[in-house]
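Quick notes on the structure that follows.
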Amino acid sequence: MASTSVALLMLASGLAAGGTLQAQAGPAPAQARTVAVAPASGTAAAARPNLRACYDGKCRLTLKKSVKFKVSPRFGVTQVAIYLSSSRVRVKATGPGVTSQAYLGRGTSGSVNGIGVRVVSLSGGKAVLSLSPVR
């Protein structure tokens with residue numbers, strides 16, 4: 001009974017700190033599912049983008065600062081870095097022996113190694129980007 005209480009307390013404190021809860025549906029690990037739980041308060045953890053969702057090259061990001069994240073090697077690159085300024089977004093993709101980059105303004109689109117990037121909005125130090133595979 002005590003170990004169950006300790007496990008529940010650890011789970012609750014992890015979720016309150018912006019952690020994730022993983023639940024498995026069925027016996028196969030391939031069916032595992034991750035459910036993100038946002039903190040109840042308006043902390044900075046709640047504003048962090050889910051960069052892991054971009055691994056397959058398809059995601060929507062709301063950014064207030066520059067970020068880096070891993071992408072599938074099927075694009076010929078393994079990491080994408082996005083740098084923000086007040087008037088443009090720089091998207092740089094790198095991999096073993098490869099560098100590709102695009103400079104994009106508000107409302108424009110471009111691509112880096114098969115990952116399409118559209119700047120949905122850019123103002124007030126905040127950018128909303130939509131990424132999608134182009135090949």
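Residue numbering restarts at 1 for every chain of the structure tokens, chains are lettered A, B, ... in their displayed order, and ligands are numbered from 1 as they appear.
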
Neighbour list for region 113-125 of chain A as a VMD selection string, cut-off 8 Å, only C-alpha atoms, skip fewer than 5 positions in-chain: chain A and resid 57 64 to 65 75 to 77 84 to 89 93 100 104 to 108 130 to 135

Contacts of Cys54 (chain A) within 10 Å, only C-alpha atoms, excl. fewer than 3 positions in-chain, as a PyMOL selection string: chain A and resi 49-51+57-61+69-72+80+130-132

Select, from A:Arg48, A:Thr62, A:Lys92, A:Tyr83, the residue with the minimum atom-to-atom distance to Gly110 (chain A), counting only C-alpha atoms. A:Lys92
